[in-house]
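Peer 1: Below is start_20.cif; it holds mmCIF, C-alpha atoms.
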```
data_input
loop_
_atom_site.group_PDB
_atom_site.id
_atom_site.type_symbol
_atom_site.label_atom_id
_atom_site.label_comp_id
_atom_site.auth_asym_id
_atom_site.auth_seq_id
_atom_site.Cartn_x
_atom_site.Cartn_y
_atom_site.Cartn_z
ATOM 1 C CA MET A 16 107.515 87.615 78.169
ATOM 2 C CA ILE A 17 105.516 86.621 81.228
ATOM 3 C CA ASP A 18 104.880 88.150 84.639
ATOM 4 C CA VAL A 19 106.962 86.588 87.390
ATOM 5 C CA LEU A 20 106.329 87.404 91.047
ATOM 6 C CA VAL A 21 108.559 86.825 94.044
ATOM 7 C CA GLU A 22 107.439 86.956 97.665
ATOM 8 C CA ARG A 23 110.163 87.333 100.294
ATOM 9 C CA TYR A 24 110.153 87.545 104.094
ATOM 10 C CA PHE A 25 112.998 88.880 106.233
ATOM 11 C CA ASP A 26 113.793 88.511 109.927
ATOM 12 C CA LYS A 27 115.845 91.701 109.818
ATOM 13 C CA PRO A 28 113.884 94.590 108.230
ATOM 14 C CA LEU A 29 115.018 96.080 104.927
ATOM 15 C CA GLY A 30 114.881 99.699 103.897
ATOM 16 C CA ALA A 31 113.672 100.938 100.522
ATOM 17 C CA GLU A 32 117.110 102.278 99.558
ATOM 18 C CA LEU A 33 118.690 98.869 100.204
ATOM 19 C CA VAL A 34 116.039 97.166 98.052
ATOM 20 C CA MET A 35 116.766 99.659 95.255
ATOM 21 C CA THR A 36 120.541 99.235 95.582
ATOM 22 C CA LEU A 37 120.408 95.415 95.611
ATOM 23 C CA THR A 38 118.004 95.246 92.692
ATOM 24 C CA LEU A 39 119.970 97.681 90.545
ATOM 25 C CA GLY A 40 123.159 95.830 91.516
ATOM 26 C CA ALA A 41 121.676 92.655 90.012
ATOM 27 C CA GLN A 42 121.136 94.325 86.631
ATOM 28 C CA ALA A 43 123.942 92.373 84.899
ATOM 29 C CA CYS A 44 122.259 89.053 85.846
ATOM 30 C CA PHE A 45 118.893 90.451 84.824
ATOM 31 C CA ASP A 46 120.236 91.536 81.424
ATOM 32 C CA LEU A 47 121.877 88.164 80.835
ATOM 33 C CA HIS A 48 118.575 86.336 81.445
ATOM 34 C CA ARG A 49 116.329 89.020 79.885
ATOM 35 C CA ILE A 50 114.634 89.851 83.199
ATOM 36 C CA ALA A 51 113.015 93.272 83.543
ATOM 37 C CA TRP A 52 112.284 94.501 87.057
ATOM 38 C CA GLN A 53 108.864 96.174 87.170
ATOM 39 C CA GLY A 54 108.949 97.212 90.802
ATOM 40 C CA SER A 55 108.773 95.966 94.367
ATOM 41 C CA LEU A 56 106.396 96.536 97.254
ATOM 42 C CA LEU A 57 108.138 96.782 100.612
ATOM 43 C CA ALA A 58 106.081 96.391 103.782
ATOM 44 C CA LYS A 59 106.150 99.437 106.028
ATOM 45 C CA ASP A 60 107.857 97.321 108.707
ATOM 46 C CA GLY A 61 110.500 96.137 106.187
ATOM 47 C CA HIS A 62 109.880 92.419 106.798
ATOM 48 C CA ARG A 63 107.945 91.574 103.603
ATOM 49 C CA LEU A 64 108.788 92.235 99.977
ATOM 50 C CA PHE A 65 106.769 91.503 96.842
ATOM 51 C CA CYS A 66 108.628 91.885 93.526
ATOM 52 C CA HIS A 67 107.283 91.956 89.971
ATOM 53 C CA PHE A 68 109.411 91.044 86.945
ATOM 54 C CA HIS A 69 108.923 90.383 83.246
ATOM 55 C CA ALA A 70 110.937 87.411 81.987
ATOM 56 C CA PRO A 71 110.916 84.979 79.058
ATOM 57 C CA ASP A 72 109.677 82.267 81.459
ATOM 58 C CA ALA A 73 109.733 81.344 85.138
ATOM 59 C CA GLU A 74 112.903 79.285 84.802
ATOM 60 C CA ALA A 75 114.861 82.191 83.281
ATOM 61 C CA ALA A 76 113.710 84.384 86.155
ATOM 62 C CA ARG A 77 114.566 81.704 88.717
ATOM 63 C CA THR A 78 118.063 81.254 87.257
ATOM 64 C CA GLY A 79 118.821 84.964 86.931
ATOM 65 C CA LEU A 80 117.522 85.842 90.382
ATOM 66 C CA ARG A 81 119.378 82.931 91.977
ATOM 67 C CA GLN A 82 122.616 84.007 90.259
ATOM 68 C CA ALA A 83 122.028 87.519 91.608
ATOM 69 C CA GLY A 84 121.866 86.042 95.113
ATOM 70 C CA ALA A 85 118.107 86.210 95.657
ATOM 71 C CA ASP A 86 116.044 83.564 97.424
ATOM 72 C CA VAL A 87 113.596 82.249 94.820
ATOM 73 C CA THR A 88 111.562 79.980 97.098
ATOM 74 C CA GLY A 89 108.547 82.312 96.776
ATOM 75 C CA LEU A 90 108.736 82.699 92.973
ATOM 76 C CA TRP A 91 105.631 82.092 90.856
ATOM 77 C CA ALA A 92 104.378 82.943 87.380
ATOM 78 C CA GLY A 93 101.126 84.830 87.070
ATOM 79 C CA THR A 94 98.961 87.311 85.265
ATOM 80 C CA VAL A 95 98.217 90.955 86.044
ATOM 81 C CA HIS A 96 94.658 92.297 86.192
ATOM 82 C CA ASP A 97 93.886 95.979 86.649
ATOM 83 C CA ALA A 98 90.701 97.337 88.180
ATOM 84 C CA PRO A 99 87.795 97.380 85.728
ATOM 85 C CA GLY A 100 86.735 100.738 84.406
ATOM 86 C CA PRO A 101 87.250 103.153 81.570
ATOM 87 C CA ALA A 102 90.800 103.995 82.660
ATOM 88 C CA PRO A 103 92.993 101.645 84.677
ATOM 89 C CA ALA A 104 93.891 102.855 88.149
ATOM 90 C CA ASP A 105 97.462 103.999 88.602
ATOM 91 C CA PRO A 106 99.214 101.152 90.466
ATOM 92 C CA ALA A 107 101.602 103.741 91.924
ATOM 93 C CA GLY A 108 98.616 105.002 93.938
ATOM 94 C CA ALA A 109 98.157 101.683 95.744
ATOM 95 C CA ASN A 110 99.386 101.501 99.331
ATOM 96 C CA VAL A 111 97.904 98.293 100.842
ATOM 97 C CA LEU A 112 98.459 94.692 99.762
ATOM 98 C CA VAL A 113 96.197 91.692 100.467
ATOM 99 C CA GLU A 114 97.625 88.168 100.229
ATOM 100 C CA ARG A 115 95.197 85.392 99.342
ATOM 101 C CA SER A 116 95.827 81.658 98.969
ATOM 102 C CA PHE A 117 93.405 78.915 98.010
ATOM 103 C CA ALA A 118 93.456 75.169 98.697
ATOM 104 C CA GLU A 119 91.762 74.529 95.360
ATOM 105 C CA PRO A 120 92.280 76.589 92.197
ATOM 106 C CA VAL A 121 89.955 79.564 91.679
ATOM 107 C CA THR A 122 89.419 81.912 88.762
ATOM 108 C CA VAL A 123 89.997 85.645 88.683
ATOM 109 C CA GLU A 124 86.370 86.019 87.628
ATOM 110 C CA ALA A 125 85.097 84.152 90.706
ATOM 111 C CA ILE A 126 87.089 86.360 93.068
ATOM 112 C CA GLN A 127 86.114 89.482 91.131
ATOM 113 C CA ALA A 128 82.444 88.507 91.510
ATOM 114 C CA LEU A 129 82.923 88.266 95.294
ATOM 115 C CA GLU A 130 84.677 91.624 95.299
ATOM 116 C CA ASP A 131 81.897 93.194 93.212
ATOM 117 C CA ALA A 132 79.255 91.795 95.573
ATOM 118 C CA GLY A 133 81.059 93.423 98.493
ATOM 119 C CA SER A 134 81.802 96.719 96.756
ATOM 120 C CA ALA A 135 79.678 98.678 99.254
ATOM 121 C CA CYS A 136 81.969 97.472 102.043
ATOM 122 C CA LEU A 137 84.986 98.786 100.175
ATOM 123 C CA GLN A 138 83.294 102.114 99.489
ATOM 124 C CA ASN A 139 82.224 102.467 103.136
ATOM 125 C CA HIS A 140 85.871 102.202 104.202
ATOM 126 C CA ARG A 141 87.189 104.367 101.313
ATOM 127 C CA VAL A 142 89.014 101.373 99.809
ATOM 128 C CA ARG A 143 89.625 101.228 96.064
ATOM 129 C CA PHE A 144 90.790 98.104 94.234
ATOM 130 C CA VAL A 145 93.753 98.823 91.942
ATOM 131 C CA ARG A 146 95.422 95.632 90.669
ATOM 132 C CA THR A 147 95.628 91.850 91.119
ATOM 133 C CA PHE A 148 98.532 89.483 90.535
ATOM 134 C CA PHE A 149 97.059 86.011 89.976
ATOM 135 C CA SER A 150 99.095 82.780 89.918
ATOM 136 C CA LEU A 151 98.877 80.575 86.848
ATOM 137 C CA ASN A 152 97.864 77.628 89.052
ATOM 138 C CA GLY A 153 94.898 79.594 90.504
ATOM 139 C CA LYS A 154 96.027 79.105 94.109
ATOM 140 C CA ARG A 155 97.689 82.429 94.912
ATOM 141 C CA MET A 156 96.590 86.035 94.544
ATOM 142 C CA ILE A 157 98.053 89.362 95.585
ATOM 143 C CA CYS A 158 95.654 92.314 95.442
ATOM 144 C CA LEU A 159 96.593 95.985 95.671
ATOM 145 C CA TYR A 160 94.327 98.668 97.085
ATOM 146 C CA ARG A 161 94.390 102.390 97.690
ATOM 147 C CA ALA A 162 93.048 103.081 101.168
ATOM 148 C CA PRO A 163 93.477 105.273 104.243
ATOM 149 C CA ASP A 164 95.379 102.410 105.939
ATOM 150 C CA ALA A 165 95.730 98.620 106.124
ATOM 151 C CA GLU A 166 93.068 98.327 108.838
ATOM 152 C CA SER A 167 90.462 99.907 106.522
ATOM 153 C CA VAL A 168 91.223 97.248 103.909
ATOM 154 C CA ARG A 169 91.166 94.463 106.505
ATOM 155 C CA LEU A 170 87.737 95.576 107.780
ATOM 156 C CA ALA A 171 86.296 96.019 104.277
ATOM 157 C CA GLN A 172 87.575 92.607 103.155
ATOM 158 C CA HIS A 173 86.225 90.926 106.287
ATOM 159 C CA GLN A 174 82.802 92.558 105.952
ATOM 160 C CA ALA A 175 82.659 91.628 102.267
ATOM 161 C CA GLY A 176 83.454 87.991 103.090
ATOM 162 C CA MET A 177 86.663 88.010 101.050
ATOM 163 C CA PRO A 178 89.329 85.394 101.767
ATOM 164 C CA MET A 179 92.617 86.861 102.994
ATOM 165 C CA ASP A 180 95.810 85.579 104.551
ATOM 166 C CA ARG A 181 97.537 88.874 105.354
ATOM 167 C CA VAL A 182 96.989 92.579 104.836
ATOM 168 C CA TRP A 183 99.867 95.044 104.961
ATOM 169 C CA ALA A 184 100.746 98.605 104.059
ATOM 170 C CA PHE A 185 103.669 99.086 101.700
ATOM 171 C CA GLN A 186 105.813 101.577 99.882
ATOM 172 C CA LEU A 187 106.626 101.239 96.203
ATOM 173 C CA VAL A 188 110.249 100.748 95.196
ATOM 174 C CA SER A 189 110.398 101.084 91.428
ATOM 175 C CA PRO A 190 112.783 101.787 88.561
ATOM 176 C CA ALA A 191 110.077 104.028 87.060
ATOM 177 C CA TYR A 192 110.420 106.411 89.995
ATOM 178 C CA GLY A 193 114.168 106.006 90.411
ATOM 179 C CA SER A 194 113.728 105.481 94.152
ATOM 180 C CA ALA A 195 111.251 104.593 96.812
ATOM 181 C CA SER A 196 107.963 106.433 96.786
ATOM 182 C CA THR A 197 105.167 106.518 99.263
ATOM 183 C CA PRO A 198 101.822 107.490 97.758
ATOM 184 C CA ALA A 199 99.661 109.941 99.620
ATOM 185 C CA PRO A 200 96.564 108.325 101.184
#
```
Could you render the structure as structure tokens?
Peer 2:
Amino acid sequence: MIDVLVERYFDKPLGAELVMTLTLGAQACFDLHRIAWQGSLLAKDGHRLFCHFHAPDAEAARTGLRQAGADVTGLWAGTVHDAPGPAPADPAGANVLVERSFAEPVTVEAIQALEDAGSACLQNHRVRFVRTFFSLNGKRMICLYRAPDAESVRLAQHQAGMPMDRVWAFQLVSPAYGSASTPAP
């Protein structure tokens, strides 16, 4: 099984309950193609959605999601990297997402070195790195943080010289929690 990620954008905002209902309603397609939904991150404004699945391969995920009626334009295969340390941070505690894209492939280690070099900036803004989703082609990265708000992450990333496309606050919609959850800051 591999990690498959899907990024979606909506003109009309979605609510967490609708995301849960639609995803659970697709379970028959998911079962048929051996897709396991790991959770989704819904932007506070409801216009962006980032979904994480386990699947045998990207094509199985693409087929199953398409049959379930989902737009798979933003689907990519990747790897998951938790924050370094003795115990991994609880991803359910994350509340801000940073999107990064690169013209040329990069390595997780290169970006982690930049993040480590700017760790004081993160600490100054009470920002804690939690998890990274990294594309297999090295050109896309989604990073999760626990922070007071999205602006704190934006400032810390800027001061640390980190590349970023967008920064947004989210709520977790996950089968593990049975519904939408919003972590406390």
Peer 1: Produce a table with one row for each residue of segment 161-187 of chain A that has an atom at most 8 Å from any atom of segment 119-133 of chain A, each row naming the nearest atom pair and its distance in Å at one decimal; use only C-alpha atoms; arrange rows by chain and rising residue number; format as a Markdown table.
Peer 2:
```
| residue | atom | partner | partner_atom | distance |
| --- | --- | --- | --- | --- |
| A:Gln174 | CA | A:Gly133 | CA | 7.7 |
| A:Ala175 | CA | A:Gly133 | CA | 4.5 |
| A:Gly176 | CA | A:Gly133 | CA | 7.5 |
| A:Met177 | CA | A:Leu129 | CA | 6.9 |
```
Peer 1: Measure the distance from atom CA of Asn110 of chain A to atom CA of Val168 of chain A in Å and round it to one decimal.
Peer 2: 10.3 Å
Peer 1: Could you pull out every residue with an atom within 9 Å of (115.3, 97.3, 95.5), file coordinates, counting all atoms listed in the file, and send them as a list in words?
Peer 2: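 These residues have at least one counted atom within 9 Å: Gly30, Ala31, Glu32, Leu33, Val34, Met35, Thr36, Leu37, Thr38, Leu39, Gly40, Gly54, Ser55, Leu57, Cys66, Val188, Ser189, Pro190, Ser194 and Ala195 of chain A.
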Peer 1: Output the residue selection produced by the PyMOL selection byres ((chain A and resi 154) around 7) on the file above, formatted as a list in words.
Peer 2: Ser116, Phe117, Ala118, Glu119, Pro120, Val121, Ser150, Asn152, Gly153, Arg155 and Met156 of chain A
Peer 1: Calculated over only C-alpha atoms, which of the candidates A:Ala92, A:Thr78, A:Ala43, A:Asp60 has the smallest distance to Val21 of chain A?
Peer 2: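 Residue with the minimum atom-to-atom distance to Val21 of chain A: A:Ala92.
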Peer 1: Quick one: residues within 8 Å of Val145 of chain A, only C-alpha atoms counted, chain neighbours fewer than 5 positions away excluded, as number ranges by chain?
Peer 2: A: 97-98, 103-106, 109, 158-161
Peer 1: What is the distance, in Å and to one decimal place, between atom CA of Ala51 of chain A and atom CA of Arg115 of chain A?
Peer 2: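 If I compute the distance from atom CA of Ala51 of chain A to atom CA of Arg115 of chain A, I get 25.1 Å.
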Peer 1: Expanded to explicit residues, what is the PyMOL selection byres ((chain A and resi 94) around 9) for this file, as number ranges by chain?
Peer 2: A: 17-19, 92-93, 95-96, 147-151
Peer 1: Taking only C-alpha atoms into account, which of A:Leu80, A:Leu90, A:Val111, A:Ala171 comes nearest His140 of chain A?
Peer 2: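 Comparing A:Leu80, A:Leu90, A:Val111, A:Ala171 against His140 of chain A, the winner is A:Ala171.
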Peer 1: Report, in Å to a single decimal, how far apart atom CA of Arg143 of chain A and atom CA of Glu22 of chain A are.
Peer 2: 22.9 Å
Peer 1: Using all atoms listed in the file, which residues sit within 8 Å of Gln172 of chain A once same-chain residues fewer than 5 positions away are excluded, as a PDB file with C-alpha atoms, keeping the file's coordinate frame?
Peer 2:
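Done, and the output landed in around31.pdb:
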```
ATOM      1  CA  CYS A 136      81.969  97.472 102.043  1.00  0.00           C
ATOM      2  CA  LEU A 137      84.986  98.786 100.175  1.00  0.00           C
ATOM      3  CA  MET A 177      86.663  88.010 101.050  1.00  0.00           C
ATOM      4  CA  PRO A 178      89.329  85.394 101.767  1.00  0.00           C
ATOM      5  CA  MET A 179      92.617  86.861 102.994  1.00  0.00           C
TER       6      MET A 179
END
```
Peer 1: Using all atoms listed in the file, determine which residues lie at most 10 Å from Ala75 of chain A, disregarding the query and same-chain residues fewer than 2 positions distant; provide the list as JSON, numbers by chain.
Peer 2: {"A": [19, 45, 47, 48, 49, 50, 70, 71, 72, 73, 77, 78, 79, 80, 81]}
Peer 1: Evaluated on this file, the PyMOL selection byres ((chain A and resi 61) around 10) picks out some residues - which ones are they, written as a PyMOL selection string?
Peer 2: chain A and resi 24-31+34+56-60+62-64+185-186
Peer 1: Using only C-alpha atoms for the distances, tell me which of A:Asp86, A:Phe144, A:His69, A:Leu112 is nearest to Glu166 of chain A.
Peer 2: A:Leu112
Peer 1: Looking at all atoms listed in the file, which of A:Val182, A:Leu170, A:Ile157, A:Ala162 is the one that sits closest to His67 of chain A?
Peer 2: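 Answer, going by the shortest atom-to-atom distance: A:Ile157.
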Peer 1: Pick from A:Pro163, A:Ala135, A:Gly100, A:Ala41: nearest to Gly84 of chain A, with only C-alpha atoms counted?
Peer 2: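 Ranked by minimum distance to Gly84 of chain A, first place goes to A:Ala41.
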Peer 1: As AutoDock Vina command-line options, please report the centre and edge lengths, rounded to one decimal in Å, of the axis-aligned box that holds all listed atoms of segment 49-64 of chain A with 5 Å of padding on each of the six sides.
Peer 2:
```
--center_x 111.2 --center_y 94.2 --center_z 94.3 --size_x 20.2 --size_y 20.4 --size_z 38.8
```
